[in-house]
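Undergrad: Take a look at the following structure, please.
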Amino acid sequence: MSTYVRCLSRNLLAQSPRRQLMRYVLHRSSSRSLQWRLYSSSSDANTINKRRVVFLGTPEVAATSLQTIHEASLQANSNFQIVGVVTQPPKRRKRNGKVEASPVGKIAQELGIYMSCPEKVNDAQFLNELEQDLRPDLCVTAAYGQYLPKRFLAAPTFGTINIHPSLLPKWRGASPVQRSLQAGDNPVGVTVLFTVSKMDAGPIVAQQAEHVDPDATSVTVLPHLFQIGTQLLLNSLPDIFSGKLTMETARQQDESAVVNAAMIDSSEAELKVWEESALTCHNRLRGFSMWPGVYMFMQIGEREEIVKLQIVKTRVLREKTEPTNIVRLGPTKSDGLYVVCGDGSILELLEVRPVTRRAFPARDFQNGYPNEVIRWVKPISNEDTS
């Protein structure tokens, strides 16, 4: 497959402005090679004079945004249409071996929207198509996953708008929600901003803070913020298309307040209860719940084997006690396992998952080893042995 994955043929795009929108379906031919099968549906004549929007996104949260924006475009008073979707190329799934479109790709397929899947967004063939065929008035990005080159940014008349799930300029970068929850931020928030060459540094179009439950995780917070951000975007479109909101009139970010949201590494997933507080561990779980999760090592009784235990759900108790590495059951049947951290704060494990098993109540883990003492274990590192 070439560096530019063609989700759709270009020949029908030449039929602008009354061009046809295309749908694709992956199928296997008798030779077992992957091919694209194309279907067409005629565009509505009422869309000819509407502003042309191209949407870029990839994961599930972006697919929901695409669905919402598409529904808004169909309203009687809408002055825009989605003329194209750009998403990451289809991937072969590990579990079933099938090649599948991204979540955004699947929604575009269902809606009959023209779609491109460039492996690299700076591909000349893709950029030619963007400029000559799609001819966007506005581009919208939501967790697309690629850096946009200057040539791309110069294509849309009104610029490119991004939905970013943090209160910029705090948490610029790849993992804003995860880092925000890890830091214990409350409120969190979402920003709609113009895209510039520097990552997440463009002028702010709209922004909203959102208070969340102290136990809320990235699994629920991330989609919630994208829902809010999508509505903020839709509310801003009239001012963007009228020229009231531009790069110059939008609020500039305070560069002195920038905090970077570095990409998460799996090496950060261990809960270091011997040196971290219960709240620190709890917030790391909240941030890392989507990926990579968090874990601890446990020793059962006097056994030599050390058990790696993924921690799925926790809460922080108010009281403190003397530090110990003994993990004990809470006093009532509804309580989980109590882990005492190095500062004496208590992290209650509510749900755990041993390797290769499904998650279950943490209390059941102790019940599986009656009359045996469970201790958390600090792994021996190279520094400890040097």
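Residues in the structure tokens are numbered from 1 in each chain, the chains being A, B, ... in the order shown, and ligands are numbered from 1 in the order shown.
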Could you give me, as a list in words, the residues within 7 Å of stretch 295-297 of chain A, counting only C-alpha atoms and dropping anything in the same chain fewer than 6 positions from it?
TA: Ala269, Glu270, Leu271, Ile306, Val307, Lys308, Leu309, Gln310, Ile311, Trp376 and Val377 of chain A
Undergrad: DSSP on the backbone, helix (DSSP H, G or I) only: what residues of stretch 189-270 of chain A does that give? Format it as a PyMOL selection string.
TA: chain A and resi 218-242+255-257+266-268
Undergrad: Out of A:Pro223, A:Pro354, A:Gly189, A:Gly105, which residue has the shortest atom-to-atom distance to A:His211 when counting only C-alpha atoms?
TA: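 Using only C-alpha atoms, the shortest distance to A:His211 belongs to A:Gly189.
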Undergrad: According to DSSP computed on the backbone, where in stretch 306-358 of chain A is there strand (DSSP E)? Give the residues as a count of residues only.
TA: 33
Undergrad: Quick one: of A:Phe194, A:Trp171, A:Phe226, A:Phe152, who's nearest to A:Ala63, counting only C-alpha atoms?
TA: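 When distances to A:Ala63 are compared using only C-alpha atoms, the smallest one comes from A:Phe226.
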Undergrad: For A:Ser289, which of A:Met199, A:Leu222, A:Leu232, A:Val53 is the closest residue, counting only C-alpha atoms?
TA: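 Smallest distance to A:Ser289 is found for A:Leu222.
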Undergrad: Please determine, counting only C-alpha atoms, which residue among A:Ile228, A:Ile346, A:Leu153, A:Val212 has the shortest atom-to-atom distance to A:Val196.
TA: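 Among A:Ile228, A:Ile346, A:Leu153, A:Val212, it is A:Leu153 that comes nearest to A:Val196.
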Undergrad: Just give me the gap between atom CA of A:Cys117 and atom CA of A:Gln88 in Å, one decimal is fine.
TA: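 Computing the Euclidean distance for atom CA of A:Cys117 and atom CA of A:Gln88 yields 5.3 Å.
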Undergrad: Have a look at atom CA of A:His224 and atom CA of A:Ala142 and let me know their distance in Å, one decimal.
TA: 13.4 Å
Undergrad: Counting only C-alpha atoms, what is within 10 Å of A:Pro136, bar same-chain residues fewer than 2 positions away, as a PyMOL selection string?
TA: chain A and resi 51-55+82-84+130-134+138-139+155-160
Undergrad: Quick one: distance from atom CA of A:Glu60 to atom CA of A:Arg151 in Å, one decimal?
TA: 27.4 Å
Undergrad: Could you check the closest approach to A:Asp254 for each of A:Leu66, A:Leu193, A:Cys341, A:Leu168 and tell me which residue wins, using only C-alpha atoms?
TA: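 Ranking A:Leu66, A:Leu193, A:Cys341, A:Leu168 by distance to A:Asp254, first place goes to A:Leu168.
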Undergrad: Can you pull out every residue within 10 Å of A:Val312, counting only C-alpha atoms, but drop anything in the same chain fewer than 4 positions away, and send it as a ChimeraX atom specification?
TA: /A:285-286,289,293-295,349-353,359-362
Undergrad: List the neighbours of A:Glu302 out to 10 Å using only C-alpha atoms; skip same-chain residues closer than 4 positions along the sequence, and give me the result as a list in words.
TA: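 Once the nearby chain positions are removed, what remains is Glu372, Val373, Ile374 and Arg375 of chain A.
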Undergrad: Export, as a short mmCIF file (atom, residue, chain, number, x, y, z; two decimals), in the first residue's frame, the selected residues with N, CA and C atoms.
TA:
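And here is the file that came out, again35.cif:
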```cif
data_model
loop_
_atom_site.label_atom_id
_atom_site.label_comp_id
_atom_site.auth_asym_id
_atom_site.auth_seq_id
_atom_site.Cartn_x
_atom_site.Cartn_y
_atom_site.Cartn_z
N GLU A 372 -3.44 -16.12 55.21
CA GLU A 372 -2.12 -15.72 54.74
C GLU A 372 -2.04 -14.19 54.71
N VAL A 373 -0.89 -13.68 55.10
CA VAL A 373 -0.68 -12.24 55.13
C VAL A 373 -0.21 -11.77 53.76
N ILE A 374 -0.84 -10.70 53.28
CA ILE A 374 -0.46 -10.10 52.00
C ILE A 374 0.32 -8.82 52.28
N ARG A 375 1.45 -8.69 51.60
CA ARG A 375 2.28 -7.48 51.76
C ARG A 375 2.54 -6.85 50.39
#
```
